[in-house]
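Peer 1: First, the structure itself, so that you have it in front of you.
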2 protein chains.
Amino acid sequence: MKLETRKEEIIKTATILFKEKGYSAVTMRDIAKAMGIKAASLYNHINSKQDILTNIIISLAEEFTNGMKTVLLSNVSNIEKLELIVALHVNITATNTHGMASLNNDWMHLEEQLEYYLELRGSYENNFRNILQEGVQNNEIINSNLEIMLFSMLSTLRSLYLWIPKKEDLNTEELTKNLSHILINGINK
Amino acid sequence: MKLETRKEEIIKTATILFKEKGYSAVTMRDIAKAMGIKAASLYNHINSKQDILTNIIISLAEEFTNGMKTVLLSNVSNIEKLELIVALHVNITATNTHGMASLNNDWMHLEEQLEYYLELRGSYENNFRNILQEGVQNNEIINSNLEIMLFSMLSTLRSLYLWIPKKEDLNTEELTKNLSHILINGINK
DNA sequence: TTTGTAAACTAACAACTGTTAGTCTATGTT
DNA sequence: AACATAGACTAACAGTTGTTAGTTTACAAA
């Protein structure tokens with residue numbers, strides 16, 4: 001197994017820049033400059049700018065897909081499954097804060113892999129929805145508008161990347177616990 | 001008072017395109033083509049591409065600032081103030097769904113007005129935080145991590161633009177009611 | 001009919017874009 | 001000592017970018 005350290009360095013650098021300005025506003029010369037080399041040199045390691053974006057987004061999307069698979073296989077209540085999903089988002093976001101920005105904001109600039117991405121995202125949302133629905137049927141969850149509950153939780157979880165880096169002394173377990181409690185039980189006393 | 005219908009048309013067209021691809025990926029030729037004219041003609045009505053973005057973002061940011069002012073002046077409980085804030089977001093987003101995308105994702109491409117925007121956003125968040133804090137002190141709101149509560153609510157409200165257009169038969173009052181309930185009381189039965 | 005003006009047009013600019021081709025250099029292996 | 005390779009470099013490309021200058025057109029006011 002070959003170590004692709006230089007390629008990974010490029011992707012890591014690009015990921016940070018993509019978060020700051022978005023994919024379209026970052027040029028290959030920006031990425032090169034941040035690494036102290038010339039733009040043309042990047043092409044010894046990567047095939048195209050597109051490739052960098054695809055690499056960032058698809059690997060994250062697959063992480064979520066795999067995580068969801070594990071959640072679905074777990075033999076726990078639906079409320080507990082939601083807690084596992086919160087943990088999944090916190091953990092992935094904590095280890096790839098910058099990449100989450102591209103996943104959220106730059107997915108539309110994927111080309112060949114756009115369809116695949118939309119497929120992954122669609123089935124992730126379906127699985128999430130099904131957990132909520134089962135929870136409603138089992139009297140674990142209130143019988144409110146399913147789409148609003150789904151949207152509300154998912155929005156918060158998808159925005160974690162905007163907020164996590166601000167807390168340097170991050171305790172992911174505690175964040176998961178607190179966030180789960182707020183999402184599930186609200187803030188009302 | 002002069003009617004600037006053509007300028008408004010340009011801004012409206014740009015707003016839709018900015019939502020689809022982001023500010024940086026949209027060219028003046030894209031905007032012109034969508035209107036059936038040439039790019040150079042746009043400059044009879046607007047000063048620059050930057051100007052379009054500034055117009056979209058600052059007017060929305062000021063709408064939120066003004067709305068928050070009204071909320072703060074209202075003589076109601078802190079929980080009820082939160083409900084007013086939910087209504088504020090639902091109403092602004094429902095009438096300017098596309099612009100909310102730029103507000104959320106393209107603010108970093110503001111130039112002269114960036115500082116002003118950050119100021120507005122900062123004080124909006126502070127006001128929001130203070131309402132939560134007073135709610136905790138008055139025993140209206142659970143004594144959980146303030147930043148997590150703030151982040152959770154704000155993330156959901158800021159993401160409304162992604163979700164609102166999907167419901168064509170939108171009843172803003174009902175959405176406000178349901179969403180408030182979920183954000184405040186959670187989904188637990 | 002003449003004139004003024006709003007708003008479109010064509011043509012062009014300088015800078016910037018992603019990318020390719022071909023070359024040089026350092027390092028480590030035979 | 002000879003060679004192979006990784007990874008940098010320079011130079012250049014064709015296309016795209018925001019924007020400007022100057023011109024034409026349509027229409028309403030005088």
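Residue numbers start at 1 in each chain; chains themselves are named A, B, ... in the order of the structure tokens; ligands are numbered from 1 in the order shown.
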Do you have, as CSV, the list of residues of chain B lying at most 9 Å from chain A, each with its nearest atom pair and that distance in Å to one decimal, counting only C-alpha atoms and ordered by chain then number?
Peer 2:
```
residue,atom,partner,partner_atom,distance
B:Glu20,CA,A:Met108,CA,7.9
B:Lys21,CA,A:Met108,CA,6.9
B:Gly22,CA,A:Ser24,CA,8.1
B:Tyr23,CA,A:Ser24,CA,8.7
B:Ser24,CA,A:Ala25,CA,5.6
B:Ala25,CA,A:Ser24,CA,5.6
B:Ile79,CA,A:Asn188,CA,8.2
B:Asn105,CA,A:Asn105,CA,7.4
B:Asp106,CA,A:Lys21,CA,8.2
B:Met108,CA,A:Lys21,CA,6.8
B:His109,CA,A:Lys21,CA,7.6
B:Val136,CA,A:Lys189,CA,8.8
B:Asn139,CA,A:Lys189,CA,7.0
B:Glu140,CA,A:Lys189,CA,5.7
B:Ile141,CA,A:Lys189,CA,4.9
B:Ile142,CA,A:Lys189,CA,4.9
B:Asn143,CA,A:Lys189,CA,8.5
B:Ser144,CA,A:Asn178,CA,7.4
B:Asn145,CA,A:Asn178,CA,7.3
B:Ile148,CA,A:Leu179,CA,6.7
B:Met149,CA,A:Ile182,CA,6.9
B:Phe151,CA,A:Trp163,CA,7.3
B:Ser152,CA,A:Thr156,CA,5.4
B:Met153,CA,A:Thr156,CA,7.5
B:Leu154,CA,A:Thr156,CA,8.1
B:Ser155,CA,A:Thr156,CA,5.1
B:Thr156,CA,A:Ser155,CA,5.1
B:Leu157,CA,A:Ser152,CA,8.3
B:Arg158,CA,A:Ser155,CA,8.5
B:Ser159,CA,A:Ser155,CA,6.0
B:Leu160,CA,A:Ser155,CA,8.4
B:Trp163,CA,A:Phe151,CA,7.4
B:Leu175,CA,A:Ile148,CA,8.1
B:Asn178,CA,A:Asn145,CA,7.3
B:Leu179,CA,A:Ile148,CA,6.6
B:His181,CA,A:Gly186,CA,8.6
B:Ile182,CA,A:Met149,CA,6.9
B:Leu183,CA,A:Gly186,CA,5.8
B:Ile184,CA,A:Gly186,CA,4.8
B:Asn185,CA,A:Gly186,CA,4.2
B:Gly186,CA,A:Gly186,CA,3.7
B:Ile187,CA,A:Ile184,CA,5.1
B:Asn188,CA,A:Ile141,CA,4.9
B:Lys189,CA,A:Ile141,CA,4.9
```
Peer 1: Near chain B, meaning an atom within 9 Å, which residues of chain D appear when counting only C-alpha atoms (C1' of nucleotides)? Write them as a list in words.
Peer 2: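 Close to chain B, chain D has DT17, DG18, DT19 and DT20 of chain D.
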Peer 1: Using only C-alpha atoms (C1' of nucleotides), find which residues of chain C lie within 12 Å of chain A and jot them down as a VMD selection string.
Peer 2: chain C and resid 16 to 21
Peer 1: Might you pull out every residue within 12 Å of A:Asn91, with only C-alpha atoms (C1' of nucleotides) counted and same-chain residues fewer than 3 positions away left off, and present them as a PDB file with N, CA and C atoms, in the first residue's frame?
Peer 2:
```pdb
ATOM      1  N   LEU A  60     -16.488  11.770   2.717  1.00  0.00           N
ATOM      2  CA  LEU A  60     -17.325  12.138   3.867  1.00  0.00           C
ATOM      3  C   LEU A  60     -18.719  11.544   3.751  1.00  0.00           C
ATOM      4  N   GLU A  63     -18.668   8.025   4.693  1.00  0.00           N
ATOM      5  CA  GLU A  63     -18.556   7.852   6.148  1.00  0.00           C
ATOM      6  C   GLU A  63     -19.923   7.922   6.813  1.00  0.00           C
ATOM      7  N   PHE A  64     -20.726   8.892   6.378  1.00  0.00           N
ATOM      8  CA  PHE A  64     -22.064   9.021   6.952  1.00  0.00           C
ATOM      9  C   PHE A  64     -22.927   7.813   6.605  1.00  0.00           C
ATOM     10  N   GLY A  67     -21.843   4.968   8.756  1.00  0.00           N
ATOM     11  CA  GLY A  67     -22.286   5.203  10.131  1.00  0.00           C
ATOM     12  C   GLY A  67     -23.761   4.904  10.300  1.00  0.00           C
ATOM     13  N   LEU A  84     -27.406   8.022  18.671  1.00  0.00           N
ATOM     14  CA  LEU A  84     -26.256   7.488  17.927  1.00  0.00           C
ATOM     15  C   LEU A  84     -25.972   8.336  16.689  1.00  0.00           C
ATOM     16  N   ILE A  85     -27.022   8.830  16.067  1.00  0.00           N
ATOM     17  CA  ILE A  85     -26.832   9.678  14.890  1.00  0.00           C
ATOM     18  C   ILE A  85     -26.174  11.000  15.278  1.00  0.00           C
ATOM     19  N   VAL A  86     -26.599  11.553  16.408  1.00  0.00           N
ATOM     20  CA  VAL A  86     -25.950  12.777  16.889  1.00  0.00           C
ATOM     21  C   VAL A  86     -24.462  12.516  17.106  1.00  0.00           C
ATOM     22  N   ALA A  87     -24.159  11.402  17.748  1.00  0.00           N
ATOM     23  CA  ALA A  87     -22.755  11.050  17.982  1.00  0.00           C
ATOM     24  C   ALA A  87     -22.002  10.906  16.664  1.00  0.00           C
ATOM     25  N   LEU A  88     -22.647  10.299  15.692  1.00  0.00           N
ATOM     26  CA  LEU A  88     -22.022  10.129  14.377  1.00  0.00           C
ATOM     27  C   LEU A  88     -21.635  11.480  13.777  1.00  0.00           C
ATOM     28  N   ALA A  94     -15.973  16.533  14.050  1.00  0.00           N
ATOM     29  CA  ALA A  94     -14.820  16.896  14.881  1.00  0.00           C
ATOM     30  C   ALA A  94     -13.507  16.515  14.213  1.00  0.00           C
ATOM     31  N   THR A  95     -13.522  15.432  13.430  1.00  0.00           N
ATOM     32  CA  THR A  95     -12.271  15.002  12.799  1.00  0.00           C
ATOM     33  C   THR A  95     -12.111  15.541  11.386  1.00  0.00           C
ATOM     34  N   ASN A  96     -13.138  16.191  10.856  1.00  0.00           N
ATOM     35  CA  ASN A  96     -13.005  16.763   9.508  1.00  0.00           C
ATOM     36  C   ASN A  96     -13.859  18.022   9.368  1.00  0.00           C
ATOM     37  N   THR A  97     -13.605  18.942  10.269  1.00  0.00           N
ATOM     38  CA  THR A  97     -14.409  20.164  10.346  1.00  0.00           C
ATOM     39  C   THR A  97     -14.460  20.903   9.015  1.00  0.00           C
ATOM     40  N   MET A 100     -16.483  19.362   6.042  1.00  0.00           N
ATOM     41  CA  MET A 100     -17.946  19.451   6.160  1.00  0.00           C
ATOM     42  C   MET A 100     -18.505  20.678   5.457  1.00  0.00           C
ATOM     43  N   LEU A 157     -27.445  19.349  12.912  1.00  0.00           N
ATOM     44  CA  LEU A 157     -26.305  18.437  12.788  1.00  0.00           C
ATOM     45  C   LEU A 157     -25.397  18.820  11.623  1.00  0.00           C
ATOM     46  N   LEU A 160     -22.984  21.730  12.362  1.00  0.00           N
ATOM     47  CA  LEU A 160     -21.992  21.567  13.426  1.00  0.00           C
ATOM     48  C   LEU A 160     -20.623  22.103  13.047  1.00  0.00           C
ATOM     49  N   TYR A 161     -20.264  21.968  11.799  1.00  0.00           N
ATOM     50  CA  TYR A 161     -18.921  22.380  11.359  1.00  0.00           C
ATOM     51  C   TYR A 161     -18.681  23.876  11.548  1.00  0.00           C
ATOM     52  N   ILE A 164     -18.218  23.851  15.851  1.00  0.00           N
ATOM     53  CA  ILE A 164     -17.244  23.015  16.561  1.00  0.00           C
ATOM     54  C   ILE A 164     -15.851  23.631  16.664  1.00  0.00           C
ATOM     55  N   LEU A 170     -12.673  20.846  23.109  1.00  0.00           N
ATOM     56  CA  LEU A 170     -13.871  20.082  22.782  1.00  0.00           C
ATOM     57  C   LEU A 170     -13.871  18.698  23.415  1.00  0.00           C
ATOM     58  N   ASN A 171     -14.913  18.451  24.165  1.00  0.00           N
ATOM     59  CA  ASN A 171     -15.171  17.112  24.677  1.00  0.00           C
ATOM     60  C   ASN A 171     -16.327  16.556  23.862  1.00  0.00           C
ATOM     61  N   THR A 172     -15.994  15.687  22.897  1.00  0.00           N
ATOM     62  CA  THR A 172     -17.030  15.243  21.957  1.00  0.00           C
ATOM     63  C   THR A 172     -18.142  14.475  22.666  1.00  0.00           C
ATOM     64  N   GLU A 173     -17.776  13.710  23.691  1.00  0.00           N
ATOM     65  CA  GLU A 173     -18.817  12.934  24.386  1.00  0.00           C
ATOM     66  C   GLU A 173     -19.813  13.847  25.079  1.00  0.00           C
ATOM     67  N   GLU A 174     -19.275  14.889  25.711  1.00  0.00           N
ATOM     68  CA  GLU A 174     -20.169  15.799  26.421  1.00  0.00           C
ATOM     69  C   GLU A 174     -21.025  16.592  25.440  1.00  0.00           C
ATOM     70  N   LEU A 175     -20.405  17.017  24.345  1.00  0.00           N
ATOM     71  CA  LEU A 175     -21.179  17.730  23.331  1.00  0.00           C
ATOM     72  C   LEU A 175     -22.309  16.853  22.802  1.00  0.00           C
ATOM     73  N   THR A 176     -21.980  15.599  22.514  1.00  0.00           N
ATOM     74  CA  THR A 176     -23.002  14.669  22.035  1.00  0.00           C
ATOM     75  C   THR A 176     -24.140  14.556  23.036  1.00  0.00           C
TER      76      THR A 176
END
```
Peer 1: Quick check, in Å to one decimal: how far apart do atom CA of B:Thr54 and atom CA of A:Ala34 lie?
Peer 2: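 Between these atoms lies a distance of 28.4 Å.
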Peer 1: Between atom CA of A:Asn127 and atom CA of A:Leu114, measure the distance and give it in Å to one decimal.
Peer 2: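 These atoms are spaced 20.1 Å apart.
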Peer 1: Find the distance between atom CA of A:Lys33 and atom CA of A:Leu17 and write it in Å to one decimal.
Peer 2: 11.2 Å
Peer 1: Could you list, as a ChimeraX atom specification, every residue within 10 Å of D:DA30, counting only C-alpha atoms (C1' of nucleotides) and ignoring same-chain residues fewer than 6 positions away?
Peer 2: /C:2-4
Peer 1: Output all heavy atoms for every residue in the selection just made, as a PDB file, in the first residue's frame.
Peer 2:
```
ATOM      1  P    DT C   2     -36.418  67.851 -38.517  1.00  0.00           P
ATOM      2  OP1  DT C   2     -35.711  68.815 -39.403  1.00  0.00           O
ATOM      3  OP2  DT C   2     -36.373  66.411 -38.792  1.00  0.00           O
ATOM      4  O5'  DT C   2     -35.933  68.134 -37.039  1.00  0.00           O
ATOM      5  C5'  DT C   2     -36.177  69.431 -36.467  1.00  0.00           C
ATOM      6  C4'  DT C   2     -36.018  69.338 -34.963  1.00  0.00           C
ATOM      7  O4'  DT C   2     -37.039  68.486 -34.400  1.00  0.00           O
ATOM      8  C3'  DT C   2     -34.662  68.770 -34.488  1.00  0.00           C
ATOM      9  O3'  DT C   2     -34.072  69.731 -33.646  1.00  0.00           O
ATOM     10  C2'  DT C   2     -35.049  67.463 -33.792  1.00  0.00           C
ATOM     11  C1'  DT C   2     -36.479  67.753 -33.331  1.00  0.00           C
ATOM     12  N1   DT C   2     -37.364  66.585 -33.107  1.00  0.00           N
ATOM     13  C2   DT C   2     -37.951  66.429 -31.874  1.00  0.00           C
ATOM     14  O2   DT C   2     -37.765  67.190 -30.942  1.00  0.00           O
ATOM     15  N3   DT C   2     -38.775  65.327 -31.767  1.00  0.00           N
ATOM     16  C4   DT C   2     -39.063  64.389 -32.752  1.00  0.00           C
ATOM     17  O4   DT C   2     -39.824  63.453 -32.544  1.00  0.00           O
ATOM     18  C5   DT C   2     -38.417  64.607 -34.019  1.00  0.00           C
ATOM     19  C7   DT C   2     -38.658  63.661 -35.142  1.00  0.00           C
ATOM     20  C6   DT C   2     -37.597  65.680 -34.133  1.00  0.00           C
ATOM     21  P    DT C   3     -32.591  69.536 -33.096  1.00  0.00           P
ATOM     22  OP1  DT C   3     -31.983  70.859 -32.887  1.00  0.00           O
ATOM     23  OP2  DT C   3     -31.923  68.525 -33.934  1.00  0.00           O
ATOM     24  O5'  DT C   3     -32.908  68.900 -31.665  1.00  0.00           O
ATOM     25  C5'  DT C   3     -33.889  69.522 -30.834  1.00  0.00           C
ATOM     26  C4'  DT C   3     -34.063  68.685 -29.580  1.00  0.00           C
ATOM     27  O4'  DT C   3     -34.955  67.576 -29.831  1.00  0.00           O
ATOM     28  C3'  DT C   3     -32.763  68.085 -29.034  1.00  0.00           C
ATOM     29  O3'  DT C   3     -32.646  68.449 -27.677  1.00  0.00           O
ATOM     30  C2'  DT C   3     -32.937  66.583 -29.251  1.00  0.00           C
ATOM     31  C1'  DT C   3     -34.455  66.430 -29.192  1.00  0.00           C
ATOM     32  N1   DT C   3     -35.042  65.267 -29.889  1.00  0.00           N
ATOM     33  C2   DT C   3     -35.983  64.514 -29.239  1.00  0.00           C
ATOM     34  O2   DT C   3     -36.366  64.766 -28.117  1.00  0.00           O
ATOM     35  N3   DT C   3     -36.483  63.469 -29.970  1.00  0.00           N
ATOM     36  C4   DT C   3     -36.129  63.077 -31.253  1.00  0.00           C
ATOM     37  O4   DT C   3     -36.646  62.120 -31.792  1.00  0.00           O
ATOM     38  C5   DT C   3     -35.127  63.908 -31.874  1.00  0.00           C
ATOM     39  C7   DT C   3     -34.657  63.596 -33.262  1.00  0.00           C
ATOM     40  C6   DT C   3     -34.621  64.945 -31.172  1.00  0.00           C
ATOM     41  P    DG C   4     -31.341  68.196 -26.857  1.00  0.00           P
ATOM     42  OP1  DG C   4     -30.995  69.440 -26.127  1.00  0.00           O
ATOM     43  OP2  DG C   4     -30.353  67.539 -27.739  1.00  0.00           O
ATOM     44  O5'  DG C   4     -31.883  67.140 -25.791  1.00  0.00           O
ATOM     45  C5'  DG C   4     -33.215  67.299 -25.284  1.00  0.00           C
ATOM     46  C4'  DG C   4     -33.551  66.147 -24.337  1.00  0.00           C
ATOM     47  O4'  DG C   4     -34.169  65.070 -25.104  1.00  0.00           O
ATOM     48  C3'  DG C   4     -32.348  65.545 -23.639  1.00  0.00           C
ATOM     49  O3'  DG C   4     -32.726  65.254 -22.301  1.00  0.00           O
ATOM     50  C2'  DG C   4     -32.038  64.279 -24.442  1.00  0.00           C
ATOM     51  C1'  DG C   4     -33.414  63.877 -24.974  1.00  0.00           C
ATOM     52  N9   DG C   4     -33.404  63.255 -26.296  1.00  0.00           N
ATOM     53  C8   DG C   4     -32.633  63.602 -27.381  1.00  0.00           C
ATOM     54  N7   DG C   4     -32.862  62.876 -28.446  1.00  0.00           N
ATOM     55  C5   DG C   4     -33.854  61.985 -28.034  1.00  0.00           C
ATOM     56  C6   DG C   4     -34.510  60.944 -28.751  1.00  0.00           C
ATOM     57  O6   DG C   4     -34.345  60.616 -29.920  1.00  0.00           O
ATOM     58  N1   DG C   4     -35.446  60.285 -27.951  1.00  0.00           N
ATOM     59  C2   DG C   4     -35.705  60.584 -26.642  1.00  0.00           C
ATOM     60  N2   DG C   4     -36.631  59.847 -26.047  1.00  0.00           N
ATOM     61  N3   DG C   4     -35.109  61.551 -25.955  1.00  0.00           N
ATOM     62  C4   DG C   4     -34.194  62.206 -26.715  1.00  0.00           C
TER      63       DG C   4
END
```
Peer 1: Tell me, which residues of stretch 6-175 of chain A carry DSSP helix (DSSP H, G or I), written as JSON, numbers by chain?
Peer 2: {"A": [6, 7, 8, 9, 10, 11, 12, 13, 14, 15, 16, 17, 18, 19, 20, 21, 28, 29, 30, 31, 32, 33, 34, 35, 39, 40, 41, 42, 49, 50, 51, 52, 53, 54, 55, 56, 57, 58, 59, 60, 61, 62, 63, 64, 65, 66, 67, 68, 69, 70, 71, 72, 73, 78, 79, 80, 81, 82, 83, 84, 85, 86, 87, 88, 89, 90, 91, 92, 93, 94, 95, 97, 98, 99, 100, 101, 102, 103, 104, 105, 107, 108, 109, 114, 115, 116, 117, 118, 119, 120, 121, 122, 123, 124, 125, 126, 127, 128, 129, 130, 131, 132, 133, 134, 135, 136, 137, 146, 147, 148, 149, 150, 151, 152, 153, 154, 155, 156, 157, 158, 160, 161, 162, 163, 164, 165, 166, 172, 173, 174, 175]}
Peer 1: Can you tell me which residues surround D:DA8 at a distance of at most 12 Å, considering only C-alpha atoms (C1' of nucleotides), apart from same-chain residues fewer than 4 positions away, and format the answer as a VMD selection string?
Peer 2: (chain A and resid 32 36 to 45) or (chain C and resid 23 to 26)
